[in-house]
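Peer 1: What follows is the file target.csv, containing CSV, C-alpha atoms and all ligand atoms:
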```csv
chain,number,residue,atom,x,y,z
A,1,MET,CA,7.8,-10.7,9.1
A,2,PHE,CA,11.6,-10.5,9.2
A,3,TYR,CA,12.1,-8.6,12.4
A,4,PRO,CA,10.9,-9.8,15.7
A,5,PHE,CA,7.2,-10.5,15.8
A,6,GLU,CA,7.3,-9.2,19.4
A,7,MET,CA,8.5,-5.8,18.1
A,8,GLU,CA,5.5,-5.4,15.7
A,9,ARG,CA,3.2,-6.5,18.5
A,10,TYR,CA,4.8,-3.9,20.8
A,11,LEU,CA,4.5,-1.2,18.2
A,12,GLU,CA,0.9,-2.1,17.7
A,13,THR,CA,0.2,-1.6,21.4
A,14,LEU,CA,1.6,2.0,21.1
A,15,LEU,CA,-1.1,2.8,18.5
A,16,GLY,CA,-3.7,2.7,21.2
A,17,LYS,CA,-7.1,1.2,20.6
A,18,ARG,CA,-8.3,0.9,17.0
A,19,ASP,CA,-11.9,1.3,16.3
A,20,PRO,CA,-14.1,-1.9,16.1
A,21,LEU,CA,-14.4,-1.7,12.3
A,22,LEU,CA,-10.6,-1.7,11.7
A,23,ARG,CA,-10.3,-4.6,14.2
A,24,GLU,CA,-13.1,-6.5,12.4
A,25,MET,CA,-11.3,-6.1,9.1
A,26,GLU,CA,-7.9,-7.2,10.6
A,27,GLU,CA,-9.6,-10.3,12.0
A,28,GLN,CA,-11.3,-11.0,8.7
A,29,ALA,CA,-8.1,-10.6,6.7
A,30,LEU,CA,-6.3,-12.9,9.1
A,31,LYS,CA,-9.0,-15.5,8.8
A,32,GLU,CA,-9.0,-15.5,5.0
A,33,THR,CA,-5.2,-14.8,4.7
A,34,ILE,CA,-5.8,-11.6,2.8
A,35,PRO,CA,-2.4,-9.8,3.0
A,36,VAL,CA,-3.4,-6.4,4.3
A,37,VAL,CA,-0.9,-3.9,5.7
A,38,THR,CA,0.0,-4.2,9.4
A,39,PRO,CA,-1.8,-1.7,11.7
A,40,THR,CA,1.5,0.2,12.2
A,41,VAL,CA,1.9,0.6,8.4
A,42,GLY,CA,-1.8,1.7,8.1
A,43,ASN,CA,-1.2,4.3,10.8
A,44,PHE,CA,2.0,5.4,9.1
A,45,LEU,CA,0.1,5.9,5.8
A,46,ASN,CA,-2.5,8.0,7.6
A,47,LEU,CA,0.2,10.1,9.2
A,48,LEU,CA,2.0,10.7,5.9
A,49,VAL,CA,-1.2,11.8,4.1
A,50,HIS,CA,-1.9,14.2,7.0
A,51,MET,CA,1.7,15.5,7.1
A,52,SER,CA,1.9,16.0,3.3
A,53,LYS,CA,-1.7,17.5,3.2
A,54,ALA,CA,-2.2,15.3,0.1
A,55,GLN,CA,-5.5,16.0,-1.7
A,56,ALA,CA,-5.5,13.4,-4.5
A,57,VAL,CA,-4.5,10.0,-3.3
A,58,LEU,CA,-4.2,6.8,-5.4
A,59,GLU,CA,-3.9,3.3,-4.1
A,60,ILE,CA,-3.1,0.2,-6.3
A,61,GLY,CA,-4.4,-2.8,-4.4
A,62,THR,CA,-7.6,-2.3,-2.4
A,63,ALA,CA,-8.4,-5.8,-1.3
A,64,ILE,CA,-11.2,-5.4,1.3
A,65,GLY,CA,-10.3,-1.8,1.8
A,66,TYR,CA,-8.3,-1.9,5.1
A,67,SER,CA,-5.4,0.4,4.0
A,68,THR,CA,-7.9,2.5,2.0
A,69,ILE,CA,-9.8,3.3,5.2
A,70,TRP,CA,-6.5,4.4,6.9
A,71,LEU,CA,-5.8,6.6,3.9
A,72,ALA,CA,-9.4,8.0,3.6
A,73,ARG,CA,-9.6,8.9,7.3
A,74,ALA,CA,-6.7,11.2,6.6
A,75,THR,CA,-8.1,12.7,3.3
A,76,GLU,CA,-11.3,13.3,5.2
A,77,LYS,CA,-9.2,15.8,7.2
A,78,THR,CA,-7.1,17.2,4.3
A,79,GLY,CA,-10.3,17.7,2.2
A,80,GLY,CA,-8.9,15.2,-0.3
A,81,HIS,CA,-10.1,12.1,-2.1
A,82,VAL,CA,-8.9,8.5,-2.5
A,83,THR,CA,-9.0,6.6,-5.7
A,84,THR,CA,-8.3,2.9,-5.3
A,85,ILE,CA,-7.9,0.1,-7.8
A,86,ASP,CA,-8.4,-3.7,-7.5
A,87,MET,CA,-9.0,-6.4,-10.1
A,88,ASN,CA,-10.8,-8.7,-7.7
A,89,LYS,CA,-14.5,-8.1,-8.1
A,90,ASP,CA,-15.5,-9.8,-4.9
A,91,ARG,CA,-13.0,-8.0,-2.8
A,92,ARG,CA,-14.0,-4.7,-4.3
A,93,ARG,CA,-17.7,-5.4,-3.5
A,94,ARG,CA,-16.7,-6.1,0.1
A,95,ALA,CA,-14.6,-3.0,0.3
A,96,LEU,CA,-17.5,-0.9,-0.8
A,97,ILE,CA,-19.6,-2.2,2.1
A,98,TYR,CA,-16.8,-1.4,4.6
A,99,PHE,CA,-16.4,2.1,3.1
A,100,GLU,CA,-20.2,2.7,3.7
A,101,ARG,CA,-19.9,1.4,7.2
A,102,ALA,CA,-17.0,3.7,7.9
A,103,GLY,CA,-19.0,6.6,6.5
A,104,LEU,CA,-16.3,7.2,3.9
A,105,GLN,CA,-18.1,6.3,0.7
A,106,ASN,CA,-18.1,9.8,-0.6
A,107,GLY,CA,-14.4,10.2,-0.1
A,108,ILE,CA,-13.4,7.1,-2.0
A,109,THR,CA,-13.7,6.0,-5.7
A,110,ALA,CA,-13.1,2.3,-6.1
A,111,LEU,CA,-12.1,1.3,-9.6
A,112,GLU,CA,-12.3,-2.4,-10.7
A,113,GLY,CA,-9.8,-3.8,-13.1
A,114,ASP,CA,-6.2,-4.5,-13.9
A,115,ALA,CA,-4.2,-1.4,-12.7
A,116,ARG,CA,-1.9,-1.9,-15.7
A,117,LYS,CA,-4.9,-1.2,-18.0
A,118,ILE,CA,-6.5,1.5,-15.8
A,119,LEU,CA,-3.5,3.6,-15.0
A,120,PRO,CA,-2.9,4.8,-18.7
A,121,THR,CA,-6.6,6.0,-18.8
A,122,LEU,CA,-6.2,8.3,-15.8
A,123,ASP,CA,-5.4,11.9,-16.7
A,124,SER,CA,-5.3,13.6,-13.3
A,125,LYS,CA,-2.2,14.0,-11.1
A,126,PHE,CA,-1.9,12.5,-7.7
A,127,ASP,CA,-0.1,13.9,-4.6
A,128,PHE,CA,0.2,10.6,-2.9
A,129,VAL,CA,0.4,7.1,-4.5
A,130,PHE,CA,0.4,3.9,-2.5
A,131,ILE,CA,1.4,0.6,-4.3
A,132,ASP,CA,0.3,-2.7,-2.6
A,133,ALA,CA,-0.7,-5.1,-5.4
A,134,ALA,CA,1.1,-7.9,-7.3
A,135,LYS,CA,4.8,-7.9,-6.2
A,136,GLY,CA,5.9,-9.2,-9.6
A,137,GLU,CA,4.3,-6.2,-11.3
A,138,TYR,CA,5.8,-3.3,-9.3
A,139,LEU,CA,8.1,-2.2,-12.1
A,140,ASP,CA,5.1,-2.0,-14.5
A,141,TYR,CA,3.2,0.1,-11.9
A,142,LEU,CA,6.2,2.3,-11.4
A,143,ASN,CA,6.6,3.1,-15.1
A,144,LEU,CA,2.8,3.7,-15.5
A,145,ILE,CA,2.5,5.8,-12.4
A,146,TYR,CA,5.5,8.0,-13.0
A,147,PRO,CA,3.7,10.6,-15.2
A,148,LEU,CA,0.7,10.6,-12.8
A,149,ILE,CA,2.6,11.7,-9.7
A,150,ALA,CA,2.5,15.4,-9.1
A,151,PRO,CA,5.8,17.3,-8.6
A,152,GLU,CA,6.8,16.9,-4.9
A,153,GLY,CA,4.3,14.1,-4.7
A,154,LEU,CA,4.9,11.0,-2.6
A,155,LEU,CA,5.1,7.4,-3.7
A,156,VAL,CA,4.9,4.8,-0.9
A,157,VAL,CA,5.3,1.1,-1.7
A,158,ASP,CA,4.6,-1.8,0.7
A,159,ASN,CA,6.4,-5.2,0.9
A,160,VAL,CA,9.6,-4.0,-0.7
A,161,LEU,CA,11.7,-6.2,1.6
A,162,PHE,CA,9.3,-9.2,1.3
A,163,ARG,CA,9.9,-11.2,4.5
A,164,GLY,CA,13.5,-10.0,4.4
A,165,TRP,CA,14.2,-12.2,1.4
A,166,VAL,CA,15.0,-9.2,-0.8
A,167,VAL,CA,18.2,-8.8,1.1
A,168,PRO,CA,21.0,-10.6,-0.9
A,169,GLU,CA,22.0,-14.0,0.3
A,170,SER,CA,18.7,-14.7,2.0
A,171,THR,CA,17.4,-18.2,1.7
A,172,PHE,CA,13.9,-19.0,0.5
A,173,ALA,CA,12.0,-21.5,-1.6
A,174,PRO,CA,12.8,-21.5,-5.3
A,175,LYS,CA,9.1,-20.7,-6.2
A,176,TYR,CA,9.8,-17.1,-4.8
A,177,ASP,CA,12.8,-16.6,-7.1
A,178,ARG,CA,10.9,-14.5,-9.6
A,179,MET,CA,9.0,-12.4,-7.1
A,180,VAL,CA,12.1,-11.6,-5.0
A,181,GLY,CA,14.2,-10.9,-8.1
A,182,GLY,CA,11.5,-8.5,-9.4
A,183,LEU,CA,11.4,-6.7,-6.0
A,184,ARG,CA,15.2,-6.4,-6.0
A,185,GLN,CA,15.2,-4.9,-9.4
A,186,PHE,CA,12.3,-2.6,-8.5
A,187,LEU,CA,14.1,-1.3,-5.4
A,188,GLN,CA,17.3,-0.8,-7.4
A,189,GLU,CA,15.6,1.2,-10.1
A,190,LEU,CA,13.6,3.2,-7.7
A,191,CYS,CA,16.6,4.1,-5.5
A,192,GLU,CA,18.8,4.9,-8.5
A,193,ASN,CA,16.1,7.1,-10.2
A,194,PRO,CA,17.4,10.7,-9.9
A,195,ASP,CA,13.8,12.0,-10.3
A,196,PHE,CA,13.0,10.4,-6.9
A,197,SER,CA,14.4,10.9,-3.5
A,198,THR,CA,13.9,7.5,-1.7
A,199,THR,CA,14.3,5.9,1.6
A,200,VAL,CA,13.4,2.3,2.7
A,201,LEU,CA,12.1,1.6,6.2
A,202,PRO,CA,12.5,-1.9,7.6
A,203,PHE,CA,9.2,-2.2,9.4
A,204,GLY,CA,6.0,-4.0,8.5
A,205,ASP,CA,7.1,-6.0,5.4
A,206,GLY,CA,9.5,-3.2,4.3
A,207,VAL,CA,8.1,0.2,3.1
A,208,SER,CA,9.7,2.6,0.6
A,209,ILE,CA,8.9,6.3,0.5
A,210,SER,CA,9.9,8.4,-2.4
A,211,ARG,CA,9.4,12.1,-3.1
A,212,LYS,CA,9.2,13.0,-6.8
A,213,CYS,CA,11.7,15.8,-6.9
A,214,LYS,CA,11.6,16.4,-10.7
A,215,LEU,CA,9.3,19.3,-11.4
B,1,LIG,C1,-1.9,-7.1,-0.7
B,1,LIG,S1,-3.5,-7.0,-1.3
B,1,LIG,C2,-3.9,-5.3,-1.0
B,1,LIG,C3,-4.1,-5.0,0.5
B,1,LIG,C4,-4.6,-3.7,0.8
B,1,LIG,N1,-3.7,-2.6,0.3
B,1,LIG,C5,-4.6,-3.5,2.3
B,1,LIG,O1,-3.5,-3.4,3.0
B,1,LIG,O2,-5.7,-3.5,2.9
B,1,LIG,C6,-3.2,-6.9,-3.1
B,1,LIG,C7,-4.4,-6.7,-3.9
B,1,LIG,O3,-4.0,-6.3,-5.2
B,1,LIG,C8,-4.8,-6.8,-6.2
B,1,LIG,N2,-4.1,-6.9,-7.5
B,1,LIG,C9,-3.1,-7.7,-7.8
B,1,LIG,N3,-2.7,-7.4,-9.1
B,1,LIG,C10,-3.5,-6.4,-9.5
B,1,LIG,C11,-3.5,-5.6,-10.7
B,1,LIG,N4,-2.7,-5.9,-11.7
B,1,LIG,N5,-4.4,-4.7,-10.8
B,1,LIG,C12,-5.3,-4.4,-9.8
B,1,LIG,N6,-5.3,-5.1,-8.6
B,1,LIG,C13,-4.4,-6.0,-8.5
B,1,LIG,C14,-5.3,-8.2,-5.6
B,1,LIG,O4,-6.6,-8.5,-6.1
B,1,LIG,C15,-5.3,-7.9,-4.1
B,1,LIG,O5,-6.6,-7.7,-3.6
```
Before anything else, please render the file you have as structure tokens.
Ligand SMILES: C[S@@+](CC[C@H](N)C(=O)[O-])C[C@H]1O[C@@H](n2cnc3c(N)ncnc32)[C@H](O)[C@@H]1O

Peer 2:
Amino acid sequence: MFYPFEMERYLETLLGKRDPLLREMEEQALKETIPVVTPTVGNFLNLLVHMSKAQAVLEIGTAIGYSTIWLARATEKTGGHVTTIDMNKDRRRRALIYFERAGLQNGITALEGDARKILPTLDSKFDFVFIDAAKGEYLDYLNLIYPLIAPEGLLVVDNVLFRGWVVPESTFAPKYDRMVGGLRQFLQELCENPDFSTTVLPFGDGVSISRKCKL
């Protein structure tokens, strides 16, 4: 978190009470250091799907399904469907249990495998794509996802400012050089891509939102 922790906590209080299942997942993720989106980002994803009336939603990076549930609670209202991908078999298994408990199992398809292998096999278009998987692979996902985003579709990407270290002249341990460099290149290419209209929001861990404006 690169902006005051107190601010994130305060924004969380404004969300009101989350239901026990989401709270349980937040606690579980914290206990096991599974990097799920913050509640404010989850709420924001939900709002965006509602506002855009997205039908076909794709997520890269399910983990235990926390962000998927925020997305699927919106598609339940828009009449849409969420497809989510994760290569971790155990996390996917646990996500499926949470989807059942949330009563959302019919609104979610959870694919297991490397997104870089699965994406080229998908032939439908998506109105809304959320990327939240391996930070060093964001450029690969971007290239593979591009043809799958419907015209006027939205692309939302989490962790684009990664602890604020993506900002030039930040200091961080050398082991993060590659990841931070990859994220800088990703943001640069995304923001310079004339087929997308992009903005970056400095909340959570940094969230980018792009509209695919090329028809
Ligand atoms: C940050 S977690 C996702 C958190 C989730 N979006 C949430 O907020 O609840 C990243 C997930 O991406 C998965 N992942 C990493 N690289 C992947 C790849 N190439 N293909 C599919 N899944 C991948 C990991 O297994 C991990 O569970």

Peer 1: Given the choices A:Lys175, A:Arg116, A:Arg101, A:Lys212, which gets closest to Cys191 in chain A if the distance is worked out from only C-alpha atoms?

Peer 2: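 Nearest candidate to Cys191 in chain A out of A:Lys175, A:Arg116, A:Arg101, A:Lys212: A:Lys212.
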
Peer 1: Check the smallest atom-to-atom distance from each of A:His50, A:Arg163, A:Arg92, A:Lys125 to ligand LIG 1 (chain B) using only C-alpha atoms and all ligand atoms, then report the winner.

Peer 2: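 Once distances to ligand LIG 1 (chain B) are computed over only C-alpha atoms and all ligand atoms, the minimum belongs to A:Arg92.
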
Peer 1: So that each row is one residue of range 17-130 of chain A with an atom at most 6 Å from range 137-157 of chain A, can you give its shortest atom pair and the distance in Å to one decimal, using all atoms listed in the file, rows by chain and rising number, as CSV?

Peer 2:
```
residue,atom,partner,partner_atom,distance
A:Lys125,CA,A:Leu148,CA,4.8
A:Phe126,CA,A:Ile149,CA,5.0
A:Asp127,CA,A:Gly153,CA,4.4
A:Phe128,CA,A:Leu154,CA,4.7
A:Val129,CA,A:Leu155,CA,4.8
A:Phe130,CA,A:Val156,CA,4.9
```

Peer 1: State, in Å with one decimal place, the distance from atom O5 of ligand LIG 1 (chain B) to CA of Pro35 in chain A.

Peer 2: 8.1 Å

Peer 1: Show me which residues are within 10 Å of ligand LIG 1 (chain B) counting all atoms listed in the file, and format the list as a VMD selection string.

Peer 2: chain A and resid 25 to 26 29 33 to 39 41 to 42 59 to 70 84 to 92 95 111 to 119 130 to 138 140 to 141 157 to 159

Peer 1: Which is closer to Ala56 in chain A than all the others in A:Glu6, A:Leu11, A:Arg184, A:Val82, using all atoms listed in the file?

Peer 2: A:Val82

Peer 1: Quick one: residues within 7 Å of Thr198 in chain A, only C-alpha atoms, excluding same-chain residues fewer than 2 positions away - as a ChimeraX atom specification?

Peer 2: /A:191,196,200,208-211

Peer 1: One number please: CA of Ala72 in chain A to CA of Thr199 in chain A, in Å, one decimal.

Peer 2: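 So the answer is 23.9 Å.
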